[in-house]
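Take a look at the structure below.
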Amino acid sequence: MASAVIGLGTYLPLRRVTNEELADRFDTSDEWISTRTGIHTRRWADTGQATSDLAVTAGERALKSAGLTPDDIDAVVLATTTPDHPCPATAPAVASRLGLRTIAAYDISAVCSGFLYALAAGHGQIAAKNAQRVLVIGAETYSTILNPADRTTNVIFGDGAGAIVLAEHTRKDQEGSILGVDLGSDGSQQDLIRIPAGGSRQRATPGDATEEDHYFAMQGKAVFRQAVTRMGDSANSLLQRIGWDKDSVNHIVGHQANVRILKALADYLELPHERAVINIDRVGNTSAASIPLALADAAHAGRLKPGDRILMTAFGGGLTWASAAITWPSITPV
Ligand code: ACO
């Protein structure tokens with residue numbers, strides 16, 4: 001028994017933040033941001049808008065895209081780095097606000113690889129016959145955790161949410177099928193991407209943590225160095241396992257961390273740059289929301305045809321990495 005994607009919904013906050021606006025606030029420039037990251041604009045949530053607010057709208061839209069009602073969903077898996085609260089998880093609140101039954105709802109914490117980890121969890125729920133239809137969401141409000149003094153992270157990250165509906169099916173060749181996933185981690189490098197305070201290692205209590213300790217911090221260059229090989233090796237190992245010839249991959253949907261990483265990833269996989277889906281220019285790095293937002297963008301642009309082979313791969317804090325292979329279903333993202 002396997003699962004297939006039957007719906008996709010997304011949401012981006014209305015507030016568009018341009019490179020020029022950031023150049024007014026930080027010692028940076030449109031030229032630096034465009035050439036070093038490929039980003040021109042990103043969206044940031046309004047004050048008071050939390051991750052669950054974005055997730056609920058994306059979830060509603062995914063249900064609409066799948067032609068389902070709230071009663072049809074058996075579980076919610078939500079990937080986020082920016083939960084509404086450290087405790088409890090955000091997924092139960094999202095499930096409740098979507099009007100779902102009192103079903104399983106839990107968060108996945110795998111930073112930028114989160115959506116593919118959540119996809120693997122949803123796929124596993126269906127394979128184990130615990131659920132027939134799972135709502136898998138990636139939602140982030142990084143603007144709420146960015147250090148106002150750190151120009152590097154401020155120019156990179158954006159807010160957004162994407163959700164897919166996974167449903168049980170019986171035929172492996174069904175369009176939308178998840179044909180395999182590959183997950184990995186290396187916790188020895190946890191310090192490269194982190195929010196130091198607010199957990200049991202360093203409490204949020206005043207005195208235990210400085211203001212800076214509560215913000216997201218990333219050692220960009222060190223992360224950059226391994227992003228391509230981690231994603232590329234994971235993708236190659238998955239392709240080998242499921243028996244897809246590299247040339248048969250129609251689209252590489254990589255985590256939108258940096259346009260230079262996406263191009264280098266295509267080179268590493270020995271595939272033309274044209275096969276890489278890129279929307280980081282308009283949304284920035286949206287972490288766990290990145291892959292579904294890129295899928296929707298490519299679908300709206302008419303790039304994805306039913307049956308196309310899609311290789312998704314991501315890399316992020318943890319360190320974590322993940323890849324998944326699907327064929328594109330006959331759906332219209334909302
Ligand atoms: N504007 C102008 N200059 C800047 C900016 C900025 N916004 N940010 C950094 N610089 C400067 C640095 O201070 C440095 O100056 P120096 O040479 O005088 O010391 C110079 O630019 C080069 O800095 P680097 O950090 O070496 O810049 P790099 O080319 O590596 O680009 C970036 C930085 C964009 C962060 C890049 O390293 C990157 O994309 N890293 C990967 C990010 C990633 O993949 N993250 C994984 C997922 S994210 C997650 O899991 C949450």
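Following the order of the structure tokens, first chain is A, next is B, and so on, with residues numbered from 1 inside each chain and ligands from 1 in the order they appear.
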Exercise for review: Write out as a VMD selection string each polymer residue (protein, DNA or RNA) that has an atom no more than 7 Å from ligand 1, with only C-alpha atoms and all ligand atoms counted.
Suggested key: chain A and resid 27 to 29 32 to 33 36 to 37 111 to 112 151 to 153 155 to 156 193 220 to 221 223 to 224 227 257 to 258 287 315 to 317
Practice item. Quick one: everything within 12 Å of Gly199 in chain A, counting only C-alpha atoms, minus sequence neighbours fewer than 2 positions away in the same chain. Send it as a PyMOL selection string. Key: chain A and resi 85-87+194-197+201-205+208-209+213-214
Serialized selection, C-alpha atoms, as a short mmCIF file (atom, residue, chain, number, x, y, z; two decimals), in the first residue's frame:
data_model
loop_
_atom_site.label_atom_id
_atom_site.label_comp_id
_atom_site.auth_asym_id
_atom_site.auth_seq_id
_atom_site.Cartn_x
_atom_site.Cartn_y
_atom_site.Cartn_z
CA HIS A 85 4.55 28.29 20.99
CA PRO A 86 7.43 26.11 22.23
CA CYS A 87 4.66 23.96 23.74
CA ARG A 194 20.12 27.06 15.58
CA ILE A 195 18.19 29.20 18.03
CA PRO A 196 20.34 28.81 21.14
CA ALA A 197 17.82 29.60 23.90
CA ARG A 201 19.88 23.24 27.28
CA GLN A 202 19.52 26.99 27.65
CA ARG A 203 16.28 28.15 29.19
CA ALA A 204 14.38 31.23 28.04
CA THR A 205 14.56 32.68 31.55
CA ASP A 208 20.12 32.37 31.32
CA ALA A 209 19.93 33.89 27.86
CA ASP A 213 20.21 33.84 22.03
CA HIS A 214 16.52 33.83 21.12
#
Practice item. Mind listing the helix (DSSP H, G or I) residues of range 42-274 of chain A, per DSSP on the backbone, as a ChimeraX atom specification? Key: /A:51-66,70-72,91-97,111-127,142-144,151-156,187-192,212-214,220-242,246-248,259-268,273-274
Would you mind exporting the chosen residues as a compact mmCIF listing (two decimals), in the first residue's frame, restricted to C-alpha atoms?
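Wrote it out as result.txt, contents follow:
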# COMPACT_ATOMS: atom_id res chain seq x y z
CA THR A 51 2.57 30.25 11.73
CA SER A 52 -0.78 28.55 12.35
CA ASP A 53 -2.56 31.43 10.58
CA LEU A 54 -0.57 30.73 7.42
CA ALA A 55 -0.92 26.95 7.84
CA VAL A 56 -4.71 27.09 8.17
CA THR A 57 -5.16 28.97 4.90
CA ALA A 58 -2.76 26.66 3.05
CA GLY A 59 -4.58 23.66 4.56
CA GLU A 60 -8.01 24.95 3.50
CA ARG A 61 -6.69 25.47 -0.01
CA ALA A 62 -5.15 21.99 -0.15
CA LEU A 63 -8.51 20.47 0.82
CA LYS A 64 -10.18 22.52 -1.91
CA SER A 65 -7.57 21.42 -4.45
CA ALA A 66 -8.18 17.77 -3.45
CA PRO A 70 -12.58 18.40 6.67
CA ASP A 71 -14.18 15.08 7.66
CA ASP A 72 -12.11 13.27 5.04
CA ALA A 91 -0.60 21.00 14.37
CA PRO A 92 -3.49 20.32 16.82
CA ALA A 93 -4.49 24.01 16.74
CA VAL A 94 -4.36 23.97 12.94
CA ALA A 95 -6.47 20.79 12.80
CA SER A 96 -9.02 22.30 15.15
CA ARG A 97 -9.25 25.58 13.24
CA VAL A 111 14.12 22.93 9.82
CA CYS A 112 14.43 23.29 6.03
CA SER A 113 14.12 19.53 5.46
CA GLY A 114 10.90 19.57 7.49
CA PHE A 115 8.41 19.28 4.66
CA LEU A 116 10.00 16.13 3.25
CA TYR A 117 10.29 14.63 6.75
CA ALA A 118 6.57 15.40 7.21
CA LEU A 119 5.81 13.87 3.84
CA ALA A 120 7.65 10.71 4.90
CA ALA A 121 5.66 10.65 8.16
CA GLY A 122 2.34 11.06 6.33
CA HIS A 123 3.30 8.41 3.80
CA GLY A 124 4.21 6.10 6.70
CA GLN A 125 0.86 6.70 8.43
CA ILE A 126 -0.91 5.61 5.27
CA ALA A 127 1.39 2.64 4.64
CA TYR A 142 10.95 33.23 10.02
CA SER A 143 10.44 36.98 10.17
CA THR A 144 9.51 36.45 13.84
CA ARG A 151 21.86 41.34 7.74
CA THR A 152 22.75 37.90 6.37
CA THR A 153 19.68 36.06 7.67
CA ASN A 154 17.33 39.02 7.16
CA VAL A 155 17.95 39.11 3.44
CA ILE A 156 17.52 35.36 2.97
CA GLY A 187 23.67 16.10 14.79
CA SER A 188 27.39 16.61 15.32
CA GLN A 189 26.93 19.79 13.27
CA GLN A 190 23.88 21.09 15.14
CA ASP A 191 25.61 24.39 15.95
CA LEU A 192 25.65 25.52 12.30
CA GLU A 212 20.42 37.46 20.81
CA ASP A 213 20.21 33.84 22.03
CA HIS A 214 16.52 33.83 21.12
CA GLY A 220 26.04 30.41 6.12
CA LYS A 221 29.36 29.58 4.51
CA ALA A 222 29.83 26.32 6.40
CA VAL A 223 26.26 25.33 5.56
CA PHE A 224 26.70 26.28 1.91
CA ARG A 225 29.77 24.02 1.62
CA GLN A 226 27.81 20.87 2.36
CA ALA A 227 24.32 21.74 1.09
CA VAL A 228 25.02 20.55 -2.45
CA THR A 229 26.74 17.27 -1.55
CA ARG A 230 24.21 16.35 1.15
CA MET A 231 21.22 16.95 -1.14
CA GLY A 232 22.98 15.49 -4.18
CA ASP A 233 24.11 12.30 -2.41
CA SER A 234 20.67 11.81 -0.87
CA ALA A 235 18.99 12.32 -4.25
CA ASN A 236 21.40 9.96 -6.01
CA SER A 237 20.90 7.25 -3.42
CA LEU A 238 17.11 7.57 -3.74
CA LEU A 239 17.23 7.46 -7.54
CA GLN A 240 19.33 4.32 -7.38
CA ARG A 241 16.97 2.69 -4.88
CA ILE A 242 13.80 3.33 -6.90
CA LYS A 246 18.87 10.35 -13.74
CA ASP A 247 18.02 11.58 -17.24
CA SER A 248 14.38 10.56 -16.75
CA VAL A 259 19.98 30.08 -6.32
CA ARG A 260 23.69 29.26 -6.49
CA ILE A 261 23.06 26.10 -4.46
CA LEU A 262 20.19 25.07 -6.76
CA LYS A 263 22.36 25.46 -9.87
CA ALA A 264 25.29 23.67 -8.24
CA LEU A 265 22.92 20.87 -7.24
CA ALA A 266 21.84 20.43 -10.87
CA ASP A 267 25.54 20.33 -11.85
CA TYR A 268 26.27 17.75 -9.13
CA HIS A 273 19.96 23.89 -14.94
CA GLU A 274 16.62 24.17 -16.78
Taking a cut-off of 10 Å and counting only C-alpha atoms, can you build a table that, for each residue of range 144-174 of chain A near range 5-9 of chain A, reports the nearest atom pair and how far apart they are in Å (one decimal), sorted by chain then residue number, as JSON lines?
{"residue": "A:Ala161", "atom": "CA", "partner": "A:Gly9", "partner_atom": "CA", "distance": 8.4}
{"residue": "A:Gly162", "atom": "CA", "partner": "A:Gly9", "partner_atom": "CA", "distance": 5.7}
{"residue": "A:Ala163", "atom": "CA", "partner": "A:Gly9", "partner_atom": "CA", "distance": 5.2}
{"residue": "A:Ile164", "atom": "CA", "partner": "A:Leu8", "partner_atom": "CA", "distance": 4.4}
{"residue": "A:Val165", "atom": "CA", "partner": "A:Gly7", "partner_atom": "CA", "distance": 5.0}
{"residue": "A:Leu166", "atom": "CA", "partner": "A:Val5", "partner_atom": "CA", "distance": 4.6}
{"residue": "A:Ala167", "atom": "CA", "partner": "A:Val5", "partner_atom": "CA", "distance": 6.5}
{"residue": "A:Glu168", "atom": "CA", "partner": "A:Val5", "partner_atom": "CA", "distance": 9.1}
{"residue": "A:His169", "atom": "CA", "partner": "A:Val5", "partner_atom": "CA", "distance": 9.9}
{"residue": "A:Gln174", "atom": "CA", "partner": "A:Val5", "partner_atom": "CA", "distance": 9.8}
Practice item. Using only C-alpha atoms, determine which residues lie at most 8 Å from Pro13 in chain A, disregarding the query and same-chain residues fewer than 6 positions distant; provide the list as a PyMOL selection string. Key: chain A and resi 43-46+54+159-160
Point to revise | Residues near Arg309 in chain A, cut-off 9 Å, only C-alpha atoms, skip fewer than 3 positions along chain, as a ChimeraX atom specification | key: /A:244,248-252,306,325-328
Check your understanding: Residues of range 123-311 of chain A in strand (DSSP E or B) according to DSSP, as a ChimeraX atom specification?
Key -> /A:133-140,146,157,160-169,177-185,193-194,206,209,216-218,251-254,276,285,309-311
Check your understanding: Which neighbours of range 74-83 of chain A fall inside 7 Å, counting only C-alpha atoms, when residues of the same chain fewer than 4 positions from it are skipped, and could you give them as number ranges by chain?
Key -> A: 51, 89-91, 95, 103-109, 111, 114-115, 118, 122, 131-142, 288
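Taking CA of Asp84 in chain A and CA of Gln49 in chain A as the two end points, the separation is 9.7 Å.
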